file query15.cif (mmCIF, C-alpha atoms and all ligand atoms)
data_protein
loop_
_atom_site.label_atom_id
_atom_site.label_comp_id
_atom_site.auth_asym_id
_atom_site.auth_seq_id
_atom_site.Cartn_x
_atom_site.Cartn_y
_atom_site.Cartn_z
CA MET A 1 0.00 0.00 0.00
CA ASN A 2 1.35 3.46 -0.90
CA THR A 3 1.98 5.87 1.93
CA PRO A 4 0.52 9.35 1.45
CA LEU A 5 2.73 12.40 2.04
CA SER A 6 0.51 13.43 4.91
CA TRP A 7 0.78 9.99 6.45
CA ILE A 8 1.04 9.80 10.22
CA ASN A 9 0.00 7.05 12.62
CA ALA A 10 -3.24 8.72 13.68
CA ASP A 11 -5.73 6.82 15.86
CA LEU A 12 -8.91 8.87 16.10
CA HIS A 13 -11.39 6.45 17.67
CA CYS A 14 -11.23 4.68 21.05
CA HIS A 15 -13.08 4.43 24.37
CA SER A 16 -12.14 4.89 28.03
CA ALA A 17 -13.89 3.88 31.25
CA VAL A 18 -15.73 7.21 30.96
CA SER A 19 -17.91 5.31 28.45
CA ASP A 20 -17.62 1.58 27.71
CA GLY A 21 -13.85 1.09 27.58
CA THR A 22 -11.98 -0.51 30.48
CA LEU A 23 -8.89 1.74 30.67
CA GLN A 24 -8.68 5.23 32.15
CA PRO A 25 -7.83 8.10 29.75
CA GLU A 26 -4.26 8.31 31.12
CA ALA A 27 -3.64 4.60 30.50
CA LEU A 28 -4.98 4.92 26.96
CA ALA A 29 -2.68 7.86 26.25
CA ALA A 30 0.32 5.84 27.46
CA ARG A 31 -0.73 2.80 25.43
CA ALA A 32 -1.24 4.91 22.28
CA LYS A 33 2.21 6.46 22.69
CA ALA A 34 3.84 3.07 23.32
CA ASN A 35 2.18 1.70 20.18
CA GLY A 36 3.60 4.50 18.02
CA VAL A 37 0.49 6.67 17.68
CA GLU A 38 1.43 10.20 16.52
CA LEU A 39 -2.00 11.85 16.71
CA TRP A 40 -4.65 10.66 19.11
CA ALA A 41 -8.31 11.31 20.00
CA LEU A 42 -10.40 9.75 22.78
CA THR A 43 -13.97 9.34 21.45
CA ASP A 44 -16.19 8.19 24.31
CA HIS A 45 -19.83 7.47 23.46
CA ASP A 46 -22.08 10.53 23.95
CA GLU A 47 -19.65 11.94 26.50
CA ILE A 48 -16.73 14.37 26.66
CA GLY A 49 -16.10 14.12 30.42
CA GLY A 50 -12.73 12.42 29.78
CA GLN A 51 -11.39 15.00 27.33
CA GLN A 52 -9.38 17.15 29.72
CA ARG A 53 -7.68 14.12 31.27
CA ALA A 54 -6.94 12.59 27.86
CA ARG A 55 -5.51 15.82 26.51
CA ASP A 56 -3.39 16.54 29.60
CA ALA A 57 -2.03 12.99 29.65
CA ALA A 58 -1.27 13.02 25.92
CA LEU A 59 0.49 16.38 25.90
CA ALA A 60 2.53 15.42 28.99
CA ILE A 61 4.06 12.50 27.05
CA GLY A 62 4.54 14.40 23.79
CA LEU A 63 1.49 13.03 21.96
CA PRO A 64 -0.50 15.51 19.81
CA TYR A 65 -4.23 15.43 20.62
CA LEU A 66 -7.60 16.14 19.00
CA THR A 67 -10.79 16.36 21.07
CA GLY A 68 -13.24 13.58 20.25
CA THR A 69 -16.60 11.95 20.88
CA GLU A 70 -18.83 9.33 19.22
CA ILE A 71 -22.50 10.36 19.13
CA SER A 72 -25.33 7.79 18.97
CA VAL A 73 -27.82 8.73 16.24
CA THR A 74 -31.03 7.16 14.96
CA PHE A 75 -31.31 7.23 11.16
CA ALA A 76 -33.86 5.19 9.19
CA ASP A 77 -34.71 3.27 12.40
CA THR A 78 -31.08 2.21 12.72
CA THR A 79 -28.41 3.27 15.21
CA VAL A 80 -25.58 5.11 13.45
CA HIS A 81 -22.48 6.49 15.14
CA ILE A 82 -21.09 9.92 14.28
CA VAL A 83 -17.57 10.74 15.46
CA GLY A 84 -16.79 14.38 16.20
CA LEU A 85 -13.17 15.59 16.12
CA GLY A 86 -11.41 18.84 16.95
CA PHE A 87 -14.36 20.64 18.58
CA ASP A 88 -14.24 23.08 21.49
CA ALA A 89 -15.03 20.88 24.51
CA ASP A 90 -16.37 23.91 26.40
CA ASP A 91 -19.13 24.51 23.83
CA ALA A 92 -22.43 24.73 25.75
CA ALA A 93 -24.70 23.47 22.94
CA LEU A 94 -22.50 20.42 22.36
CA GLN A 95 -22.45 19.65 26.09
CA ALA A 96 -26.25 20.01 26.33
CA GLY A 97 -26.80 17.82 23.27
CA LEU A 98 -24.57 15.06 24.60
CA SER A 99 -26.23 15.24 28.01
CA ALA A 100 -29.68 14.84 26.39
CA THR A 101 -28.40 11.90 24.32
CA ARG A 102 -27.09 10.17 27.46
CA GLY A 103 -30.37 10.83 29.26
CA GLY A 104 -32.32 7.80 28.07
CA ARG A 105 -29.65 5.22 28.89
CA ARG A 106 -30.72 4.39 32.46
CA GLY A 107 -34.35 3.61 31.58
CA ARG A 108 -33.24 1.65 28.53
CA ALA A 109 -30.85 -0.38 30.71
CA MET A 110 -33.65 -1.25 33.15
CA ASP A 111 -35.82 -2.39 30.23
CA MET A 112 -32.91 -4.47 28.91
CA SER A 113 -32.60 -6.07 32.34
CA ASP A 114 -36.33 -6.90 32.35
CA GLY A 115 -35.95 -8.52 28.92
CA LEU A 116 -33.03 -10.62 30.11
CA ALA A 117 -34.88 -11.64 33.30
CA LYS A 118 -37.66 -13.11 31.15
CA VAL A 119 -35.18 -15.59 29.69
CA GLY A 120 -33.71 -16.44 33.08
CA VAL A 121 -30.80 -13.97 33.34
CA LYS A 122 -31.49 -12.34 36.70
CA GLY A 123 -30.02 -9.17 38.21
CA ALA A 124 -28.46 -7.94 34.98
CA TYR A 125 -28.98 -4.24 35.69
CA GLU A 126 -27.16 -4.41 39.03
CA GLY A 127 -24.58 -6.75 37.50
CA ALA A 128 -23.88 -4.43 34.59
CA LEU A 129 -23.58 -1.46 36.96
CA LYS A 130 -20.50 -3.05 38.54
CA TYR A 131 -18.67 -2.44 35.27
CA VAL A 132 -19.90 1.10 34.75
CA GLY A 133 -17.34 3.87 35.27
CA ASN A 134 -19.78 6.70 34.53
CA PRO A 135 -23.32 6.37 35.95
CA GLU A 136 -24.79 8.28 32.98
CA LEU A 137 -23.21 5.95 30.48
CA ILE A 138 -24.49 2.42 30.99
CA SER A 139 -24.23 0.59 27.66
CA ARG A 140 -24.79 -2.82 26.16
CA THR A 141 -21.06 -3.47 26.61
CA HIS A 142 -21.46 -3.38 30.40
CA PHE A 143 -24.25 -5.97 30.23
CA ALA A 144 -22.04 -8.10 28.00
CA ARG A 145 -19.27 -8.07 30.61
CA PHE A 146 -21.72 -9.19 33.30
CA LEU A 147 -23.00 -12.08 31.15
CA VAL A 148 -19.41 -13.22 30.54
CA GLU A 149 -18.62 -12.95 34.27
CA THR A 150 -21.63 -15.12 35.14
CA ARG A 151 -20.69 -17.58 32.36
CA VAL A 152 -23.92 -17.19 30.46
CA CYS A 153 -21.64 -16.73 27.43
CA ALA A 154 -17.96 -17.33 26.73
CA ASP A 155 -17.17 -13.84 25.40
CA THR A 156 -18.77 -10.48 24.70
CA SER A 157 -19.33 -11.10 21.01
CA GLU A 158 -21.37 -14.22 21.87
CA VAL A 159 -23.42 -12.12 24.32
CA PHE A 160 -24.21 -9.58 21.60
CA ARG A 161 -25.13 -12.27 19.09
CA LYS A 162 -27.43 -14.17 21.46
CA TYR A 163 -28.84 -11.46 23.72
CA LEU A 164 -28.18 -7.85 22.76
CA VAL A 165 -28.93 -7.30 19.08
CA GLU A 166 -32.28 -6.64 17.44
CA GLY A 167 -34.74 -9.49 17.96
CA LYS A 168 -32.87 -10.85 21.03
CA PRO A 169 -34.20 -10.74 24.62
CA GLY A 170 -31.92 -7.97 25.93
CA PHE A 171 -32.43 -5.63 22.98
CA VAL A 172 -34.51 -2.53 23.59
CA PRO A 173 -35.20 -0.21 20.63
CA HIS A 174 -34.06 3.29 21.47
CA ARG A 175 -34.31 6.72 19.85
CA TRP A 176 -30.96 8.52 19.95
CA ALA A 177 -30.05 11.98 18.59
CA SER A 178 -31.06 13.03 15.07
CA LEU A 179 -28.38 13.08 12.37
CA ARG A 180 -28.95 16.79 11.89
CA ASN A 181 -28.48 17.61 15.57
CA ALA A 182 -25.38 15.46 16.02
CA VAL A 183 -23.63 16.98 12.99
CA ASN A 184 -24.66 20.50 14.06
CA TRP A 185 -23.45 20.08 17.66
CA ILE A 186 -20.03 19.02 16.38
CA THR A 187 -19.61 21.55 13.59
CA GLN A 188 -20.99 24.53 15.51
CA ALA A 189 -18.41 23.75 18.21
CA GLY A 190 -15.69 24.10 15.56
CA GLY A 191 -15.28 20.36 14.96
CA LEU A 192 -15.48 17.97 12.03
CA ALA A 193 -18.17 15.25 11.83
CA VAL A 194 -17.30 11.76 10.57
CA ILE A 195 -19.53 8.74 9.82
CA ALA A 196 -18.12 5.96 12.03
CA HIS A 197 -17.58 2.38 10.73
CA PRO A 198 -20.14 2.54 7.86
CA ALA A 199 -19.81 -1.17 7.04
CA ARG A 200 -21.45 -2.05 10.37
CA TYR A 201 -24.88 -0.72 9.41
CA LYS A 202 -27.36 -3.01 7.73
CA PHE A 203 -28.65 -0.44 5.25
CA THR A 204 -30.06 -1.02 1.81
CA PRO A 205 -28.11 0.84 -0.92
CA THR A 206 -30.88 3.45 -1.01
CA GLU A 207 -30.74 4.02 2.75
CA GLU A 208 -26.95 4.22 2.72
CA TYR A 209 -27.06 6.78 -0.09
CA ALA A 210 -29.57 8.79 1.96
CA LEU A 211 -27.29 8.62 5.03
CA PHE A 212 -24.30 10.00 3.13
CA THR A 213 -26.21 12.70 1.24
CA GLU A 214 -28.10 13.93 4.32
CA PHE A 215 -24.92 13.81 6.42
CA ILE A 216 -23.16 16.02 3.86
CA ALA A 217 -26.17 18.33 3.54
CA HIS A 218 -26.02 18.93 7.32
CA GLY A 219 -22.30 19.79 7.09
CA GLY A 220 -20.66 16.41 7.75
CA ARG A 221 -17.24 16.07 6.10
CA GLY A 222 -15.62 12.73 6.90
CA VAL A 223 -15.99 8.96 6.87
CA GLU A 224 -14.03 6.25 8.67
CA VAL A 225 -12.38 4.07 6.07
CA VAL A 226 -9.79 2.16 8.09
CA THR A 227 -11.19 1.07 11.47
CA GLY A 228 -11.00 -1.91 13.79
CA SER A 229 -14.62 -2.57 12.77
CA HIS A 230 -13.81 -2.94 9.04
CA SER A 231 -12.36 -5.82 7.04
CA ALA A 232 -9.85 -5.12 4.26
CA ALA A 233 -12.70 -5.42 1.76
CA ASP A 234 -14.79 -2.90 3.74
CA ALA A 235 -11.89 -0.43 3.62
CA ILE A 236 -11.65 -0.77 -0.15
CA ARG A 237 -15.38 -0.31 -0.53
CA TYR A 238 -15.49 2.84 1.62
CA THR A 239 -12.40 4.26 -0.09
CA ASP A 240 -14.57 4.39 -3.20
CA THR A 241 -17.44 5.88 -1.19
CA ALA A 242 -15.18 8.59 0.27
CA LEU A 243 -13.98 9.51 -3.24
CA GLU A 244 -17.51 9.40 -4.68
CA PHE A 245 -18.85 11.77 -2.02
CA ASP A 246 -15.65 13.86 -1.76
CA LEU A 247 -15.30 13.09 1.95
CA LEU A 248 -12.18 13.25 4.10
CA ALA A 249 -11.04 9.88 5.43
CA SER A 250 -10.53 8.91 9.06
CA ARG A 251 -8.71 6.06 10.76
CA GLY A 252 -9.24 4.64 14.24
CA SER A 253 -8.96 1.36 16.11
CA ASP A 254 -12.23 1.65 18.12
CA PHE A 255 -10.17 0.14 20.93
CA HIS A 256 -12.19 -0.64 24.11
CA SER A 257 -10.15 -3.08 26.19
CA PRO A 258 -6.95 -5.15 26.11
CA ASP A 259 -9.10 -8.24 26.83
CA GLU A 260 -11.89 -7.63 24.32
CA SER A 261 -10.59 -5.62 21.36
CA HIS A 262 -8.91 -7.37 18.48
CA THR A 263 -7.42 -4.11 17.12
CA ASP A 264 -5.00 -2.33 19.44
CA LEU A 265 -4.39 1.42 19.46
CA GLY A 266 -2.38 2.47 16.41
CA LYS A 267 -2.16 -1.07 15.04
CA LEU A 268 -4.14 -0.84 11.84
CA PRO A 269 -3.43 -0.38 8.13
CA ALA A 270 -2.62 2.99 6.57
CA LEU A 271 -5.27 4.96 4.74
CA PRO A 272 -5.10 4.40 0.97
CA ALA A 273 -2.94 7.13 -0.62
CA ARG A 274 -5.77 8.32 -2.86
CA LEU A 275 -7.66 9.65 0.15
CA THR A 276 -7.30 12.97 1.96
CA PRO A 277 -7.03 12.33 5.71
CA VAL A 278 -9.30 14.22 8.11
CA TRP A 279 -6.23 15.49 9.95
CA ASP A 280 -5.22 17.57 6.91
CA ALA A 281 -8.36 19.65 7.56
CA LEU A 282 -7.88 19.70 11.35
CA GLU A 283 -4.35 21.11 11.49
CA ALA A 284 -5.45 24.22 13.40
CA ARG A 285 -7.42 22.13 15.91
CA ILE A 286 -4.58 19.80 16.90
CA GLN A 287 -3.27 20.45 20.41
CA ARG A 288 0.48 20.00 20.53
CA PRO A 289 2.93 19.53 23.37
CA SER A 290 4.71 22.80 24.16
P1 LIG B 301 -24.88 0.94 23.19
O1 LIG B 301 -24.38 2.35 22.91
O2 LIG B 301 -25.30 0.76 24.62
O3 LIG B 301 -25.93 0.50 22.22
O4 LIG B 301 -23.64 -0.03 23.01
C1 LIG B 301 -22.94 -0.04 21.79
C2 LIG B 301 -21.57 -0.63 22.02
O5 LIG B 301 -21.67 -2.04 22.13
C3 LIG B 301 -20.63 -0.41 20.85
O6 LIG B 301 -20.00 0.83 20.93
C4 LIG B 301 -19.63 -1.52 21.05
O7 LIG B 301 -18.70 -1.16 22.03
C5 LIG B 301 -20.48 -2.63 21.60
N1 LIG B 301 -20.90 -3.60 20.57
C6 LIG B 301 -21.86 -3.45 19.65
N2 LIG B 301 -21.98 -4.57 18.90
C7 LIG B 301 -21.06 -5.45 19.36
C8 LIG B 301 -20.67 -6.78 19.02
N3 LIG B 301 -21.29 -7.45 18.04
N4 LIG B 301 -19.68 -7.36 19.74
C9 LIG B 301 -19.07 -6.70 20.74
N5 LIG B 301 -19.38 -5.44 21.10
C10 LIG B 301 -20.35 -4.82 20.43
MN MN B 302 -18.49 0.98 22.52
MN MN B 303 -19.38 2.82 17.20
MN MN B 304 -16.58 3.35 19.08
#
call {"tool": "encode", "arguments": {"input": "query15.cif", "output": "structure tokens", "more": "lines below"}}
Ligand code: AMP
Ligand code: MN
Ligand code: MN
Ligand code: MN
result
Amino acid sequence: MNTPLSWINADLHCHSAVSDGTLQPEALAARAKANGVELWALTDHDEIGGQQRARDAALAIGLPYLTGTEISVTFADTTVHIVGLGFDADDAALQAGLSATRGGRRGRAMDMSDGLAKVGVKGAYEGALKYVGNPELISRTHFARFLVETRVCADTSEVFRKYLVEGKPGFVPHRWASLRNAVNWITQAGGLAVIAHPARYKFTPTEEYALFTEFIAHGGRGVEVVTGSHSAADAIRYTDTALEFDLLASRGSDFHSPDESHTDLGKLPALPARLTPVWDALEARIQRPS
């Protein structure tokens, strides 16, 4: 694979214990640095409470940093994730939007627990809470950890397959932020919005086209091409999509945990040379060690 001139080992997607990762922001910064990452962003789900710690830890070890988050969105009755990069973390509208998006998680988690109880998995809400680092951010991942602990399943991917995806007993449909709002919160705070891991969504071609065109109409500018959630074939496919829609390309491991994630921080293929990386457009937003 050719290496673009603007190539750096950027990892712009991962999670800390402030959402559903298992490591603290400081430990992630150290791990990113040790793995050769040259530009890093922590992108917790619907939450920017870890940004200051991530930035301080990164800059202290000489690692350039971009602010980040991953917003849960409902589009065409499907959950889509929008990554925001390089925004002002003090922006009041962004903070309020993220807070509202987090708001429904507790009730949803109690409904998930009720669904699991009906198939004999008792006490899942309390069990999941043991793994939660941020009380506002209980996610399916925390339930998955509890079901592995209690040996209902061998690993978290088996839990998702059998219990936590649409049609399974622990799945509760949920309405997240609108695409328009998520993109606006990010861009009006000075950031750049990116469609996360597009290969994960089960859209028809028509729905996918609508996602990309509406995203761009709202001001979205990037798409993840190389991510821990994509196969090599997915990356090729979304390279074409990025070129077709004239989108900037992003790259990120989506690392959550040393025990669960198959892609470690910084350990993923380069972006194809034909693409323009998101970091070319975020130069002024990168925070650098002094
Ligand atoms: P939630 O925001 O509560 O719906 O949880 C979504 C999170 O669950 C994602 O960000 C992933 O961390 C995790 N997840 C989703 N699908 C899977 C899967 N098939 N296997 C493992 N983890 C998954
Ligand atoms: Mn997650
Ligand atoms: Mn995601
Ligand atoms: Mn993610």
call {"tool": "residues_around", "arguments": {"input": "query15.cif", "residues": "segment 147-150 of chain A", "least_positions_apart": "2", "cutoff": "10 Å", "atoms": "all atoms listed in the file", "output": "compact mmCIF listing (two decimals) with C-alpha atoms, keeping the file's coordinate frame"}}
result
# COMPACT_ATOMS: atom_id res chain seq x y z
CA VAL A 121 -30.80 -13.97 33.34
CA ALA A 124 -28.46 -7.94 34.98
CA GLY A 127 -24.58 -6.75 37.50
CA ALA A 128 -23.88 -4.43 34.59
CA THR A 141 -21.06 -3.47 26.61
CA HIS A 142 -21.46 -3.38 30.40
CA PHE A 143 -24.25 -5.97 30.23
CA ALA A 144 -22.04 -8.10 28.00
CA ARG A 145 -19.27 -8.07 30.61
CA VAL A 152 -23.92 -17.19 30.46
CA CYS A 153 -21.64 -16.73 27.43
CA ALA A 154 -17.96 -17.33 26.73
CA ASP A 155 -17.17 -13.84 25.40
CA THR A 156 -18.77 -10.48 24.70
CA SER A 157 -19.33 -11.10 21.01
CA GLU A 158 -21.37 -14.22 21.87
CA VAL A 159 -23.42 -12.12 24.32
CA PHE A 160 -24.21 -9.58 21.60
CA TYR A 163 -28.84 -11.46 23.72
call {"tool": "residues_near_ligand", "arguments": {"input": "query15.cif", "ligand": "ligand MN 302 (chain B)", "cutoff": "7 Å", "atoms": "all atoms listed in the file", "output": "list in words"}}
result
His15, Asp20, Gly21, His45, Thr141 and His256 of chain A
call {"tool": "atom_distance", "arguments": {"input": "query15.cif", "atom1": "atom CA of Ser139 of chain A", "atom2": "atom CA of Ala109 of chain A"}}
result
7.4 Å
call {"tool": "closest_residue", "arguments": {"input": "query15.cif", "among": "A:Leu28, A:Val183, A:Met110, A:Leu192", "to": "Glu283 of chain A", "atoms": "all atoms listed in the file"}}
result
A:Leu192
call {"tool": "atom_distance", "arguments": {"input": "query15.cif", "atom1": "atom CA of Val37 of chain A", "atom2": "atom CA of Thr69 of chain A"}}
result
18.2 Å
call {"tool": "closest_residue", "arguments": {"input": "query15.cif", "among": "A:Ala58, A:Val119, A:Leu271, A:Ala189", "to": "Leu94 of chain A", "atoms": "all atoms listed in the file"}}
result
A:Ala189
call {"tool": "residues_near_ligand", "arguments": {"input": "query15.cif", "ligand": "ligand MN 303 (chain B)", "cutoff": "8 Å", "atoms": "all atoms listed in the file", "output": "ChimeraX atom specification"}}
result
/A:45,70,72,80-82,196-197,254
call {"tool": "closest_residue", "arguments": {"input": "query15.cif", "among": "A:Leu275, A:Ala76, A:Ile8, A:Ala17", "to": "Trp176 of chain A", "atoms": "all atoms listed in the file"}}
result
A:Ala76
call {"tool": "residues_around", "arguments": {"input": "query15.cif", "residues": "Ala92 of chain A", "least_positions_apart": "6", "cutoff": "12 Å", "atoms": "only C-alpha atoms", "output": "list in words"}}
result
Ile48, Leu98, Ser99, Trp185, Ile186, Gln188 and Ala189 of chain A
call {"tool": "closest_residue", "arguments": {"input": "query15.cif", "among": "A:Leu66, A:Leu211, A:Leu179, A:Ile216", "to": "Ala89 of chain A", "atoms": "all atoms listed in the file"}}
result
A:Leu66
call {"tool": "atom_distance", "arguments": {"input": "query15.cif", "atom1": "atom C9 of ligand LIG 301 (chain B)", "atom2": "atom CA of Ala117 of chain A"}}
result
20.8 Å
call {"tool": "closest_residue", "arguments": {"input": "query15.cif", "among": "A:Asn9, A:Ser178, A:Ser113, A:Thr276", "to": "Leu243 of chain A", "atoms": "all atoms listed in the file"}}
result
A:Thr276
call {"tool": "closest_residue", "arguments": {"input": "query15.cif", "among": "A:Pro198, A:Pro289, A:Pro205, A:Gly220", "to": "Thr79 of chain A", "atoms": "only C-alpha atoms"}}
result
A:Pro198
call {"tool": "residues_around", "arguments": {"input": "query15.cif", "residues": "Asp77 of chain A", "least_positions_apart": "3", "cutoff": "10 Å", "atoms": "only C-alpha atoms", "output": "list in words"}}
result
Val73, Thr74, Val80, Pro173, His174, Arg175 and Trp176 of chain A
call {"tool": "residues_around", "arguments": {"input": "query15.cif", "residues": "Ala193 of chain A", "least_positions_apart": "6", "cutoff": "12 Å", "atoms": "only C-alpha atoms", "output": "PDB file with C-alpha atoms, in the frame of the given file"}}
result
ATOM      1  CA  THR A  67     -10.790  16.360  21.070  1.00  0.00           C
ATOM      2  CA  GLY A  68     -13.240  13.580  20.250  1.00  0.00           C
ATOM      3  CA  THR A  69     -16.600  11.950  20.880  1.00  0.00           C
ATOM      4  CA  GLU A  70     -18.830   9.330  19.220  1.00  0.00           C
ATOM      5  CA  ILE A  71     -22.500  10.360  19.130  1.00  0.00           C
ATOM      6  CA  HIS A  81     -22.480   6.490  15.140  1.00  0.00           C
ATOM      7  CA  ILE A  82     -21.090   9.920  14.280  1.00  0.00           C
ATOM      8  CA  VAL A  83     -17.570  10.740  15.460  1.00  0.00           C
ATOM      9  CA  GLY A  84     -16.790  14.380  16.200  1.00  0.00           C
ATOM     10  CA  LEU A  85     -13.170  15.590  16.120  1.00  0.00           C
ATOM     11  CA  GLY A  86     -11.410  18.840  16.950  1.00  0.00           C
ATOM     12  CA  PHE A  87     -14.360  20.640  18.580  1.00  0.00           C
ATOM     13  CA  LEU A 179     -28.380  13.080  12.370  1.00  0.00           C
ATOM     14  CA  ARG A 180     -28.950  16.790  11.890  1.00  0.00           C
ATOM     15  CA  ASN A 181     -28.480  17.610  15.570  1.00  0.00           C
ATOM     16  CA  ALA A 182     -25.380  15.460  16.020  1.00  0.00           C
ATOM     17  CA  VAL A 183     -23.630  16.980  12.990  1.00  0.00           C
ATOM     18  CA  ASN A 184     -24.660  20.500  14.060  1.00  0.00           C
ATOM     19  CA  TRP A 185     -23.450  20.080  17.660  1.00  0.00           C
ATOM     20  CA  ILE A 186     -20.030  19.020  16.380  1.00  0.00           C
ATOM     21  CA  THR A 187     -19.610  21.550  13.590  1.00  0.00           C
ATOM     22  CA  PHE A 212     -24.300  10.000   3.130  1.00  0.00           C
ATOM     23  CA  PHE A 215     -24.920  13.810   6.420  1.00  0.00           C
ATOM     24  CA  ILE A 216     -23.160  16.020   3.860  1.00  0.00           C
ATOM     25  CA  ALA A 217     -26.170  18.330   3.540  1.00  0.00           C
ATOM     26  CA  HIS A 218     -26.020  18.930   7.320  1.00  0.00           C
ATOM     27  CA  GLY A 219     -22.300  19.790   7.090  1.00  0.00           C
ATOM     28  CA  GLY A 220     -20.660  16.410   7.750  1.00  0.00           C
ATOM     29  CA  ARG A 221     -17.240  16.070   6.100  1.00  0.00           C
ATOM     30  CA  GLY A 222     -15.620  12.730   6.900  1.00  0.00           C
ATOM     31  CA  VAL A 223     -15.990   8.960   6.870  1.00  0.00           C
ATOM     32  CA  GLU A 224     -14.030   6.250   8.670  1.00  0.00           C
ATOM     33  CA  LEU A 247     -15.300  13.090   1.950  1.00  0.00           C
ATOM     34  CA  LEU A 248     -12.180  13.250   4.100  1.00  0.00           C
ATOM     35  CA  ALA A 249     -11.040   9.880   5.430  1.00  0.00           C
ATOM     36  CA  SER A 250     -10.530   8.910   9.060  1.00  0.00           C
ATOM     37  CA  VAL A 278      -9.300  14.220   8.110  1.00  0.00           C
ATOM     38  CA  ALA A 281      -8.360  19.650   7.560  1.00  0.00           C
ATOM     39  CA  LEU A 282      -7.880  19.700  11.350  1.00  0.00           C
TER      40      LEU A 282
END
call {"tool": "residues_around", "arguments": {"input": "query15.cif", "residues": "Phe171 of chain A", "least_positions_apart": "4", "cutoff": "9 Å", "atoms": "only C-alpha atoms", "output": "list in words"}}
result
Asp111, Met112, Gly115, Leu116, Arg140, Tyr163, Leu164, Val165, Glu166 and Gly167 of chain A
call {"tool": "write_last_selection", "arguments": {"input": "query15.cif", "atoms": "C-alpha atoms", "output": "CSV table (one decimal), in the coordinates of the input"}}
result
chain,number,residue,atom,x,y,z
A,111,ASP,CA,-35.8,-2.4,30.2
A,112,MET,CA,-32.9,-4.5,28.9
A,115,GLY,CA,-36.0,-8.5,28.9
A,116,LEU,CA,-33.0,-10.6,30.1
A,140,ARG,CA,-24.8,-2.8,26.2
A,163,TYR,CA,-28.8,-11.5,23.7
A,164,LEU,CA,-28.2,-7.8,22.8
A,165,VAL,CA,-28.9,-7.3,19.1
A,166,GLU,CA,-32.3,-6.6,17.4
A,167,GLY,CA,-34.7,-9.5,18.0
